[in-house]
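J.: Sharing a structure here in structure tokens format.
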There are 2 protein chains.
Amino acid sequence: MSDLTPTPRSRVRRLPDRGRYDFGTIASILDAGFLCYVGYVMDGQPYVTPTAYWRNGEHVYWHGSSASRMLRTLETGVDVCMTVAHVDGLVLARSAFHHSINYRSVMLFGRAHKLEDEGAKTKALEDFVEHMLPGRWAELRPVTSQELKATTVLYMPILEGSAKIRTGPPKDDEEDYTWPVWAGILPVQAVLGVPISDERLPETIHAPENLTHLSHLGLHHSR
Amino acid sequence: MSDLTPTPRSRVRRLPDRGRYDFGTIASILDAGFLCYVGYVMDGQPYVTPTAYWRNGEHVYWHGSSASRMLRTLETGVDVCMTVAHVDGLVLARSAFHHSINYRSVMLFGRAHKLEDEGAKTKALEDFVEHMLPGRWAELRPVTSQELKATTVLYMPILEGSAKIRTGPPKDDEEDYTWPVWAGILPVQAVLGVPISDERLPETIHAPENLTHLSHLGLHHSR
């Protein structure tokens, strides 16, 4: 996996010391989530669509209905900006100015390609389900050819982009450290609640234990 | 507050029954979060920048360094798409095809304007701090004229856009309801962890009780 070379559109300009271009950092931020924001242009107008994504090797993938306007636009090969951000904490400083957010974000640029082959599509969707919910694919009613036709899977190489990370305490002006107000970090985390069984589920089927946390997706135990 | 009229770019096309255009729904989704994704076009290329936002009446606001490329582009009045999405749960169906996500999202279109007046900027930043952390503004070291100059505040009227909401259990194909796999909802929630005091904070200053949850922002108690 090659590290990324900053380009005019991917180089982090504001607070450049927060920028990262190594593949490992970018991949780990991508892998720690499942919701991205896909930006694209139609008739000169920007659109930002939230959608689920997953990574496999040097590509990111997303999918949806073959009728989706977003996917039908992107499969024509227009420029894409895919952004992912995880909020890790609110950073409370002694002055309003130095309040901040601890976060890990990735911005990727490129063009999407459509998976045409039915076998490759099936494999990609299996990757997605297994990434989200390890072990689940084999338990599901198998995917049908009609469902595959109704689903578009796009992928984009991780070639151009950057990560941006803020960690740590507030950075106050030196003369403000004696200001008498609480300062520090309010950690933010996404958690899974207690699984809610579908009303039509037989009472004999219980939620598997492994569904009470999906910490690889940034979804932790609620307790 | 007027409800929004669907336009060619704001009308929800995929699963239109999930679309909402009433001001109250859009405002409540905006108010339940603090991180948006701002989409814009530079040299034909889409960019999606995550940033904090807040609402006041019929406008959304965001801010940042006056040196920010995003803000300097937007203040020229280019088209903006601002997207906010809250994930409420993972929806596990009996088939891969019907897996889904419960969410509340808003997509707004328009053009941003810059707050020029120093008093109006100060008031907007106070609104922001007070929205995030009620009661905090008055406790902080007051904002300086230099900080105001270094900060750009943009706002955009909530005039064109839509909300999109999915709630409830999986919707499986009728013949799949007997498939022997767990199905239901894994609720997702953002929680605040225990506040981490800044290392340079005097031991006499404790985190206020009201910082252990900010449920109006969608940040709940961890217990």
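FYI, nothing fancy with the structure tokens labels: chains A, B, ... in order, residues from 1 per chain, ligands from 1 as they appear.
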With a cut-off of 6 Å, could you pull out the residues of chain A touching chain B and give me the nearest pair of atoms for each, distance in Å to one decimal, using only C-alpha atoms, ordered by chain and ascending number, as JSON lines?
T.:
{"residue": "A:Gly39", "atom": "CA", "partner": "B:Pro46", "partner_atom": "CA", "distance": 5.8}
{"residue": "A:Tyr40", "atom": "CA", "partner": "B:Pro46", "partner_atom": "CA", "distance": 5.4}
{"residue": "A:Pro46", "atom": "CA", "partner": "B:Tyr40", "partner_atom": "CA", "distance": 5.4}
{"residue": "A:Tyr47", "atom": "CA", "partner": "B:Cys81", "partner_atom": "CA", "distance": 5.6}
{"residue": "A:Val48", "atom": "CA", "partner": "B:Gly39", "partner_atom": "CA", "distance": 5.8}
{"residue": "A:Cys81", "atom": "CA", "partner": "B:Tyr47", "partner_atom": "CA", "distance": 5.6}
{"residue": "A:Arg94", "atom": "CA", "partner": "B:Leu140", "partner_atom": "CA", "distance": 5.6}
{"residue": "A:Ser95", "atom": "CA", "partner": "B:Arg141", "partner_atom": "CA", "distance": 4.9}
{"residue": "A:Leu140", "atom": "CA", "partner": "B:Ser95", "partner_atom": "CA", "distance": 5.2}
{"residue": "A:Arg141", "atom": "CA", "partner": "B:Ser95", "partner_atom": "CA", "distance": 4.9}
{"residue": "A:Trp182", "atom": "CA", "partner": "B:Ala207", "partner_atom": "CA", "distance": 5.7}
{"residue": "A:Ala183", "atom": "CA", "partner": "B:Asp198", "partner_atom": "CA", "distance": 5.7}
{"residue": "A:Gly184", "atom": "CA", "partner": "B:Asp198", "partner_atom": "CA", "distance": 4.3}
{"residue": "A:Ile185", "atom": "CA", "partner": "B:Ile196", "partner_atom": "CA", "distance": 5.0}
{"residue": "A:Leu186", "atom": "CA", "partner": "B:Pro195", "partner_atom": "CA", "distance": 4.7}
{"residue": "A:Pro187", "atom": "CA", "partner": "B:Gly193", "partner_atom": "CA", "distance": 4.9}
{"residue": "A:Val188", "atom": "CA", "partner": "B:Leu192", "partner_atom": "CA", "distance": 4.7}
{"residue": "A:Gln189", "atom": "CA", "partner": "B:Val191", "partner_atom": "CA", "distance": 5.4}
{"residue": "A:Ala190", "atom": "CA", "partner": "B:Ala190", "partner_atom": "CA", "distance": 4.2}
{"residue": "A:Val191", "atom": "CA", "partner": "B:Gln189", "partner_atom": "CA", "distance": 5.4}
{"residue": "A:Leu192", "atom": "CA", "partner": "B:Val188", "partner_atom": "CA", "distance": 4.7}
{"residue": "A:Gly193", "atom": "CA", "partner": "B:Pro187", "partner_atom": "CA", "distance": 4.9}
{"residue": "A:Pro195", "atom": "CA", "partner": "B:Leu186", "partner_atom": "CA", "distance": 4.7}
{"residue": "A:Ile196", "atom": "CA", "partner": "B:Ile185", "partner_atom": "CA", "distance": 5.0}
{"residue": "A:Ser197", "atom": "CA", "partner": "B:Gly184", "partner_atom": "CA", "distance": 4.4}
{"residue": "A:Asp198", "atom": "CA", "partner": "B:Gly184", "partner_atom": "CA", "distance": 4.3}
{"residue": "A:Ile205", "atom": "CA", "partner": "B:Trp182", "partner_atom": "CA", "distance": 6.0}
{"residue": "A:Ala207", "atom": "CA", "partner": "B:Trp182", "partner_atom": "CA", "distance": 5.7}
J.: Using DSSP assignments from the backbone, pull out every residue in range 2-187 of chain B that falls under strand (DSSP E or B) and give it to me as a ChimeraX atom specification.
T.: /B:19-20,35-42,45-56,59-65,79-92,95,100-111,113-114,141,151-157,160-166,184-187
J.: Between A:Ala32, A:Ile165, A:Leu74, A:Leu214, which residue has the minimum interatomic distance to Asp17 in chain A, considering only C-alpha atoms?
T.: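 Selected residue with least distance to Asp17 in chain A: A:Ile165.
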J.: What does the distance between CA of Asn102 in chain B and CA of Asn102 in chain A come to in Å, to one decimal place?
T.: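 So the answer is 25.6 Å.
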J.: How many Å separate CA of Glu58 in chain A from CA of Gln146 in chain A?
T.: 28.8 Å
J.: By how many Å are CA of Thr152 in chain A and CA of Arg111 in chain A apart?
T.: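 Atom-to-atom, CA of Thr152 in chain A to CA of Arg111 in chain A, that is 15.2 Å.
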J.: With distances taken over only C-alpha atoms, which of A:Lys123, A:Glu209, A:Arg18, A:Ile26 is nearest to Thr167 in chain A?
T.: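 Closest residue, counting only C-alpha atoms: A:Arg18.
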J.: Going by DSSP on the backbone, which residues of range 9-132 of chain B come out as helix (DSSP H, G or I)? List them as a PyMOL selection string.
T.: chain B and resi 16-18+23-31+69-74+96-98+118-132
